[in-house]
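Let me begin by presenting the structure, written as structure tokens, before commenting on it.
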Amino acid sequence: MDEGLPAIALIGFGEVGRTFARDLRAAGCSGIAAWDIAFADRTSQQLAAARESGARVCASAADAVAGADVVVSAVTAGSAVAAAEPAAAALDRGAFYVDVNSVSPATKQAVASLVEVGGGRFVEAAIMTSVPPRGLKSPILLGGAHMAAFAEAMAPFAMDLSPYAERIGSASAVKMCRSVMVKGMEALFLESMVAARHYGVEDDVLASLKDMVDQDWERLGGYMMSRAITHGRRRAEEMREAARTVAEAGLEPLQSAATAVRQDWAADRNGGPMNTTELSEILDFLAARERH
């Protein structure tokens, strides 16, 4: 193990897991273990990425967390509890279990209960931006009784960690209420532009939007649509957790539920990673998918 650096296990090796692994390695951490349910498929992108990263590829969650000082759960929103069950049972006593998944406060609390029963130290983590641009430097709100100790343990990596509240669920409430807006905007823009393309009026719609809010809507909209198409399934799961968050507040989640449906719609038209953020090219792509 690297002198002075914690041994880290990554549960989930999608976009977040592989980005964190890259940055941890660049910071001098070689004690990285990884496990993803997709590793069972020997041709999966997750397995290929893990091998390329230099992480120790593990056969199970229990294998990955054994001996780890810090376990980071970065799975899909709908899998947060299921991923925690085998990992929590195999944690070394006192190890940090950091849940970075975009889930409701109640889901974070459920994961925390599993971790605490297993003798681990649960840390709630809400990532407040898209991870790829900033990687390990992404702003993260922390929650729970062990948030300060975790921040101290990760000090060698100079992460942007902000202790937010000891009450588990508060940091996630910030994240999920933000998601209602951010993912909702993606869904609204997607629906607006696809319909506008059908009528041949997308340029005039964009001009009208710019007149209302001075923003480069073509650039922003292209980025939002590319993210929805590439990551729509994951975003739909997140929005179901956002809907749960809203419902837990006593409000019927009409918008969040609809956003989840539209994000699933985008995922259904995914022909692979969207390698362009040009709005016109994305609309051409969607039109071609509809024809076929």
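A note on labels: chains of the structure tokens are A, B, ... as shown, every chain counts residues from 1, and ligands are counted from 1 in their shown order.
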Sorted per-residue table, range 74-96 of chain A near range 118-121 of chain A, closest atoms and distance, 8 Å, only C-alpha atoms, as CSV:
```
residue,atom,partner,partner_atom,distance
A:Ala88,CA,A:Gly118,CA,5.4
A:Ala89,CA,A:Gly118,CA,5.2
A:Ala90,CA,A:Gly118,CA,7.5
A:Leu91,CA,A:Gly120,CA,6.2
A:Asp92,CA,A:Gly120,CA,6.9
A:Arg93,CA,A:Gly119,CA,4.9
A:Gly94,CA,A:Gly120,CA,4.8
A:Ala95,CA,A:Gly120,CA,5.1
A:Phe96,CA,A:Arg121,CA,4.6
```
- request: Name the residues of range 66-223 of chain A that fall into helix (DSSP H, G or I) according to DSSP on the backbone, using the chain letters and numbers of this document, as a count of residues only.
  value: 92
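Nearest-residue note for Ala82 in chain A: choosing from A:Val111, A:Ile140, A:Gly169, A:Val57, the minimum distance belongs to A:Val111, counting only C-alpha atoms.
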inquiry  = Excluding range 84-87 of chain A and its own-chain neighbours fewer than 3 positions away, which residues fall within 10 Å of it when counting only C-alpha atoms? Please give them as number ranges by chain.
reply    = A: 11, 60-66, 71, 73, 75, 79-81, 90-92, 97, 99, 110-115, 118, 120
Which residues of range 83-153 of chain A sit at most 12 Å from range 213-235 of chain A, using only C-alpha atoms? Give each one's shortest atom pair and distance in Å (one decimal place), in chain and ascending residue order, as CSV.
```
residue,atom,partner,partner_atom,distance
A:Asn101,CA,A:Arg234,CA,10.6
A:Ser102,CA,A:Arg235,CA,9.2
A:Val103,CA,A:Arg235,CA,11.0
A:Ser130,CA,A:Arg227,CA,10.0
A:Pro132,CA,A:Arg227,CA,11.7
```
I need the residues from that last selection saved to file as a CSV table (one decimal), in the first residue's frame (with C-alpha atoms), if you can.
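Resulting contents of again.csv:
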```csv
chain,number,residue,atom,x,y,z
A,101,ASN,CA,-25.1,7.5,-5.6
A,102,SER,CA,-27.9,9.9,-6.6
A,103,VAL,CA,-30.6,8.6,-4.4
A,130,SER,CA,-21.1,16.1,-13.7
A,132,PRO,CA,-16.0,13.8,-16.0
```
Open item on the list: I'd like to know which residues of range 31-266 of chain A are strand (DSSP E) (by DSSP, run on the backbone); could you write them as a ChimeraX atom specification?
Closed with: /A:32-35,56-57,70-73,96-99,121-127,140-143,161-165
Could you write out that same residue set with C-alpha atoms as a compact mmCIF listing (two decimals), in the first residue's frame?
```
# COMPACT_ATOMS: atom_id res chain seq x y z
CA ILE A 32 -7.17 0.42 -5.74
CA ALA A 33 -9.57 -2.52 -5.97
CA ALA A 34 -12.63 -2.58 -8.22
CA TRP A 35 -15.79 -4.62 -8.65
CA ARG A 56 -7.13 -4.88 -8.92
CA VAL A 57 -10.10 -6.52 -10.65
CA VAL A 70 -12.31 3.49 2.03
CA VAL A 71 -15.08 1.93 -0.04
CA VAL A 72 -16.77 4.13 -2.65
CA SER A 73 -20.16 2.98 -3.95
CA PHE A 96 -15.43 4.18 5.51
CA TYR A 97 -18.31 3.30 3.18
CA VAL A 98 -18.95 6.34 0.99
CA ASP A 99 -22.19 6.31 -0.98
CA ARG A 121 -18.44 4.05 9.04
CA PHE A 122 -21.07 5.38 6.63
CA VAL A 123 -20.47 8.67 4.81
CA GLU A 124 -23.15 10.28 2.70
CA ALA A 125 -21.74 11.97 -0.39
CA ALA A 126 -23.69 14.10 -2.87
CA ILE A 127 -21.74 14.98 -6.01
CA ILE A 140 -19.11 16.95 -2.96
CA LEU A 141 -21.40 17.57 0.00
CA LEU A 142 -20.81 15.17 2.90
CA GLY A 143 -23.20 13.92 5.55
CA LEU A 161 -15.25 17.97 0.14
CA SER A 162 -17.73 20.07 2.14
CA PRO A 163 -19.14 18.65 5.39
CA TYR A 164 -22.81 19.57 5.20
CA ALA A 165 -24.90 17.95 7.93
```
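Proximity to Gly135 in chain A was assessed for A:Arg18, A:Lys183, A:Arg269, A:Lys210 counting only C-alpha atoms; the smallest distance is recorded for A:Arg18.
If you look at CA of Arg262 in chain A and CA of Glu191 in chain A, they are 7.9 Å away from each other.
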